[in-house]
Amino acid sequence: MNDIFKLADDLGPLKVIHVHEPGIGLKGALVVDNVARGPSVGGVRMTADVTTEECARLARAMTFKNAAADLQHGGGKTVLMGDPKMPKEQKETLIRGFCCALREVEQYIFAPDMGTDEECMGWIRDEIGRVVGLPRELGGIPLDEIGATGFGLSHAVDVAQDFCDLKIKGARIVVQGFGAVGKHATKFLCEAGAIPVAISDSTGTIHNPDGLDVDALIASKSAGKSVTEYVPGERLDGDAIIDIECDIWIPAARPDVIHEGNVNRLNTKLIVQGANIPITYAAEKALHQKGILNVPDFIANAGGVICAATEYQGAGEAAAFTAIEEKLRRNTREVLQTALQDQIMPRDAALAMARRRVEQAMSYRRWHIF
Ligand code: NAD
């Protein structure tokens, strides 16, 4: 009992539920962190090794992310023990069993995360109905296919340009990671006049100071090739992406890629974070002190969660794009303005904004958290 309450503070978690069904080898947990703003949304993470504590941390991150995106949703998360690459039949049995066990917990809406995908969400829909991230045939909005997060990120850049004395038109951009987020962010920024001078994927970096052809790169990537097979351009190793001088640097690959050991190599004016936690807090602080503006991950990459919330309301792609544009622009401006006024890091301003929104919602509740 005490162990569980070690996780508790004034925001949550509201509920921690462990699920065990030896008949099918099911072990999992649900943490509903806070539902003051509405039913919680957060992904089902399937992995062989995960703790309830980690689940609680991820649920809290969703409370802040949903509030920062200004969605009428609280934060929650589920973890399911198992190798996500197990035979499909076995995985389906586990996921169907897991959501059935949580059928009554209406304060939590299932969503995809590491180890689960839209097909898994389809099974959940079939069992209990309460889910986002569905296949298109079931009313889902395929957010990676339409580029929801990259689209939102391009609007964050558009707002941020006023805060760091640069213009997107003609700005040199460098993008680390050329998957769903990186590809679409580059495409939308190119449409606004930016020039991609370097792009990397897991195999290396391609660099051309005269600009890279984004359509050719996307076509090449879709054909299963690496960005480094693109010509004309200089092929470099993956790490070289950090050193290339540019106006806007976009991490869209992995966590913790910029840390105290390499942060001084960055030579840019603006960083807009597509990946989750791509920069350690200490490195972000160092960048702030050097006057390099950062739009933090949970502000800049909120396009995906906004898209999922739109799907949950039963609306379509056009409504998702409208909501992403409106919310990304408003939230980015509010965060950067507060950061400027109070002379604090944008991340701290964003966290304070999210906490304030959750606390305001809590103030209308008899029981505060729920
Ligand atoms: P993805 O799997 O589609 O693409 C990842 C890309 O990063 C690939 O091009 C891969 O080759 C590249 N990559 C991997 N390791 C790399 C490395 N060391 N250096 C350079 N490139 C590397 O993933 P995604 O959906 O684009 O997500 C990227 C990041 O954004 C992740 O951190 C994810 O959590 C985060 N994110 C994604 C979304 C979304 O809507 N997809 C939303 C919010 C946050």
# chains A, B, ... in the order shown; residues from 1 in each chain; ligands from 1
>>> residues_near_ligand(ligand="ligand 1", cutoff="7 Å", atoms="only C-alpha atoms and all ligand atoms", output="ChimeraX atom specification")
/A:143-144,148-149,176-182,200-204,238,252-255,274-276,301-304
>>> select_by_dssp(residues="region 60-218 of chain A", states="strand (DSSP E)", output="PyMOL selection string")
chain A and resi 74-81+108-112+172-176+195-201+204-207
>>> write_last_selection(atoms="C-alpha atoms", output="mmCIF file, in the first residue's frame")
data_model
loop_
_atom_site.group_PDB
_atom_site.id
_atom_site.type_symbol
_atom_site.label_atom_id
_atom_site.label_comp_id
_atom_site.auth_asym_id
_atom_site.auth_seq_id
_atom_site.Cartn_x
_atom_site.Cartn_y
_atom_site.Cartn_z
ATOM 1 C CA GLY A 74 -6.921 13.986 -18.448
ATOM 2 C CA GLY A 75 -3.888 11.708 -18.401
ATOM 3 C CA GLY A 76 -3.685 7.942 -18.087
ATOM 4 C CA LYS A 77 -1.568 5.050 -19.302
ATOM 5 C CA THR A 78 -1.673 1.270 -19.478
ATOM 6 C CA VAL A 79 1.219 -1.170 -19.603
ATOM 7 C CA LEU A 80 0.916 -4.762 -20.728
ATOM 8 C CA MET A 81 3.706 -7.245 -20.008
ATOM 9 C CA TYR A 108 -9.625 5.764 -19.284
ATOM 10 C CA ILE A 109 -9.660 5.749 -23.097
ATOM 11 C CA PHE A 110 -7.254 3.329 -24.802
ATOM 12 C CA ALA A 111 -4.806 4.586 -27.456
ATOM 13 C CA PRO A 112 -1.760 3.119 -29.253
ATOM 14 C CA ARG A 172 17.991 26.678 -43.545
ATOM 15 C CA ILE A 173 16.556 23.669 -41.723
ATOM 16 C CA VAL A 174 18.260 20.531 -40.449
ATOM 17 C CA VAL A 175 16.114 17.519 -39.555
ATOM 18 C CA GLN A 176 17.254 14.530 -37.502
ATOM 19 C CA ILE A 195 15.384 25.115 -47.336
ATOM 20 C CA PRO A 196 16.421 21.702 -45.953
ATOM 21 C CA VAL A 197 20.222 21.566 -45.944
ATOM 22 C CA ALA A 198 20.717 18.314 -44.013
ATOM 23 C CA ILE A 199 18.548 15.334 -43.107
ATOM 24 C CA SER A 200 19.457 12.144 -41.282
ATOM 25 C CA ASP A 201 17.975 8.732 -40.615
ATOM 26 C CA GLY A 204 23.506 8.513 -41.671
ATOM 27 C CA THR A 205 23.202 12.128 -42.797
ATOM 28 C CA ILE A 206 22.850 13.719 -46.225
ATOM 29 C CA HIS A 207 24.086 17.328 -46.480
#
>>> residues_around(residues="region 55-66 of chain A", least_positions_apart="3", cutoff="7 Å", atoms="only C-alpha atoms", output="list in words")
Val31, Val32, Asp33, Asn34, Gly42, Thr51, Thr52, Ala69, Asp70, Leu71, His73, Gly74, Gly75, Gly76, Lys77, Thr78, Val79, Phe298, Ala354 and Arg355 of chain A
>>> write_last_selection(atoms="C-alpha atoms", output="CSV table (one decimal), in the first residue's frame")
chain,number,residue,atom,x,y,z
A,31,VAL,CA,-2.8,4.3,-14.0
A,32,VAL,CA,-5.4,7.0,-14.3
A,33,ASP,CA,-3.5,10.0,-13.2
A,34,ASN,CA,-6.0,12.9,-13.3
A,42,GLY,CA,-2.9,7.6,-23.0
A,51,THR,CA,7.0,-1.2,-13.9
A,52,THR,CA,3.8,0.4,-12.4
A,69,ALA,CA,-2.5,20.9,-25.9
A,70,ASP,CA,-5.7,22.3,-24.4
A,71,LEU,CA,-7.7,19.1,-24.8
A,73,HIS,CA,-8.9,15.1,-21.5
A,74,GLY,CA,-6.9,14.0,-18.4
A,75,GLY,CA,-3.9,11.7,-18.4
A,76,GLY,CA,-3.7,7.9,-18.1
A,77,LYS,CA,-1.6,5.0,-19.3
A,78,THR,CA,-1.7,1.3,-19.5
A,79,VAL,CA,1.2,-1.2,-19.6
A,298,PHE,CA,4.9,18.4,-25.6
A,354,ALA,CA,-0.3,22.8,-18.2
A,355,ARG,CA,-0.3,22.6,-14.4
>>> closest_residue(among="A:Gln90, A:Gln289, A:Thr228, A:Thr310", to="Gly140 (chain A)", atoms="only C-alpha atoms")
A:Thr310
>>> select_by_dssp(residues="region 187-327 of chain A", states="alpha helix (DSSP H)", output="ChimeraX atom specification")
/A:187-191,214-222,281-289,297-300,303-312,317-327
>>> write_last_selection(atoms="C-alpha atoms", output="PDB file, in the first residue's frame")
ATOM      1  CA  LYS A 187       7.493  18.922 -46.345  1.00  0.00           C
ATOM      2  CA  PHE A 188       5.233  21.497 -44.657  1.00  0.00           C
ATOM      3  CA  LEU A 189       8.171  23.798 -43.881  1.00  0.00           C
ATOM      4  CA  CYS A 190       9.419  23.573 -47.471  1.00  0.00           C
ATOM      5  CA  GLU A 191       5.954  24.619 -48.633  1.00  0.00           C
ATOM      6  CA  VAL A 214      12.286  16.858 -50.150  1.00  0.00           C
ATOM      7  CA  ASP A 215       9.949  15.113 -52.614  1.00  0.00           C
ATOM      8  CA  ALA A 216      12.820  13.079 -54.042  1.00  0.00           C
ATOM      9  CA  LEU A 217      13.910  12.141 -50.521  1.00  0.00           C
ATOM     10  CA  ILE A 218      10.401  11.091 -49.498  1.00  0.00           C
ATOM     11  CA  ALA A 219      10.061   8.994 -52.663  1.00  0.00           C
ATOM     12  CA  SER A 220      13.420   7.379 -52.033  1.00  0.00           C
ATOM     13  CA  LYS A 221      12.515   6.659 -48.387  1.00  0.00           C
ATOM     14  CA  SER A 222       9.152   5.171 -49.455  1.00  0.00           C
ATOM     15  CA  TYR A 281      17.014  19.407 -19.218  1.00  0.00           C
ATOM     16  CA  ALA A 282      20.610  20.507 -18.535  1.00  0.00           C
ATOM     17  CA  ALA A 283      21.346  20.838 -22.263  1.00  0.00           C
ATOM     18  CA  GLU A 284      18.142  22.792 -22.793  1.00  0.00           C
ATOM     19  CA  LYS A 285      19.221  25.139 -20.030  1.00  0.00           C
ATOM     20  CA  ALA A 286      22.615  25.630 -21.701  1.00  0.00           C
ATOM     21  CA  LEU A 287      20.874  26.460 -24.997  1.00  0.00           C
ATOM     22  CA  HIS A 288      18.586  28.926 -23.222  1.00  0.00           C
ATOM     23  CA  GLN A 289      21.588  30.685 -21.695  1.00  0.00           C
ATOM     24  CA  ASP A 297       8.360  18.576 -27.258  1.00  0.00           C
ATOM     25  CA  PHE A 298       4.927  18.428 -25.640  1.00  0.00           C
ATOM     26  CA  ILE A 299       4.014  21.785 -27.195  1.00  0.00           C
ATOM     27  CA  ALA A 300       5.547  21.274 -30.651  1.00  0.00           C
ATOM     28  CA  GLY A 303      -0.452  17.305 -33.378  1.00  0.00           C
ATOM     29  CA  GLY A 304      -0.810  13.563 -32.768  1.00  0.00           C
ATOM     30  CA  VAL A 305      -2.780  13.835 -29.528  1.00  0.00           C
ATOM     31  CA  ILE A 306      -4.990  16.576 -30.943  1.00  0.00           C
ATOM     32  CA  CYS A 307      -5.722  14.359 -33.940  1.00  0.00           C
ATOM     33  CA  ALA A 308      -6.623  11.450 -31.637  1.00  0.00           C
ATOM     34  CA  ALA A 309      -8.958  13.648 -29.559  1.00  0.00           C
ATOM     35  CA  THR A 310     -10.671  14.823 -32.754  1.00  0.00           C
ATOM     36  CA  GLU A 311     -11.160  11.194 -33.783  1.00  0.00           C
ATOM     37  CA  TYR A 312     -12.704  10.427 -30.382  1.00  0.00           C
ATOM     38  CA  GLU A 317      -9.428  14.741 -41.034  1.00  0.00           C
ATOM     39  CA  ALA A 318     -10.397  18.304 -41.988  1.00  0.00           C
ATOM     40  CA  ALA A 319     -11.531  19.030 -38.416  1.00  0.00           C
ATOM     41  CA  ALA A 320      -8.291  17.519 -37.099  1.00  0.00           C
ATOM     42  CA  PHE A 321      -6.145  19.846 -39.231  1.00  0.00           C
ATOM     43  CA  THR A 322      -8.198  22.873 -38.113  1.00  0.00           C
ATOM     44  CA  ALA A 323      -7.875  21.911 -34.440  1.00  0.00           C
ATOM     45  CA  ILE A 324      -4.128  21.234 -34.734  1.00  0.00           C
ATOM     46  CA  GLU A 325      -3.447  24.571 -36.400  1.00  0.00           C
ATOM     47  CA  GLU A 326      -5.548  26.565 -33.945  1.00  0.00           C
ATOM     48  CA  LYS A 327      -4.225  24.861 -30.789  1.00  0.00           C
TER      49      LYS A 327
END
>>> atom_distance(atom1="CA of Ile124 (chain A)", atom2="CA of Cys99 (chain A)")
6.3 Å
>>> atom_distance(atom1="CA of His368 (chain A)", atom2="CA of Ala36 (chain A)")
6.8 Å
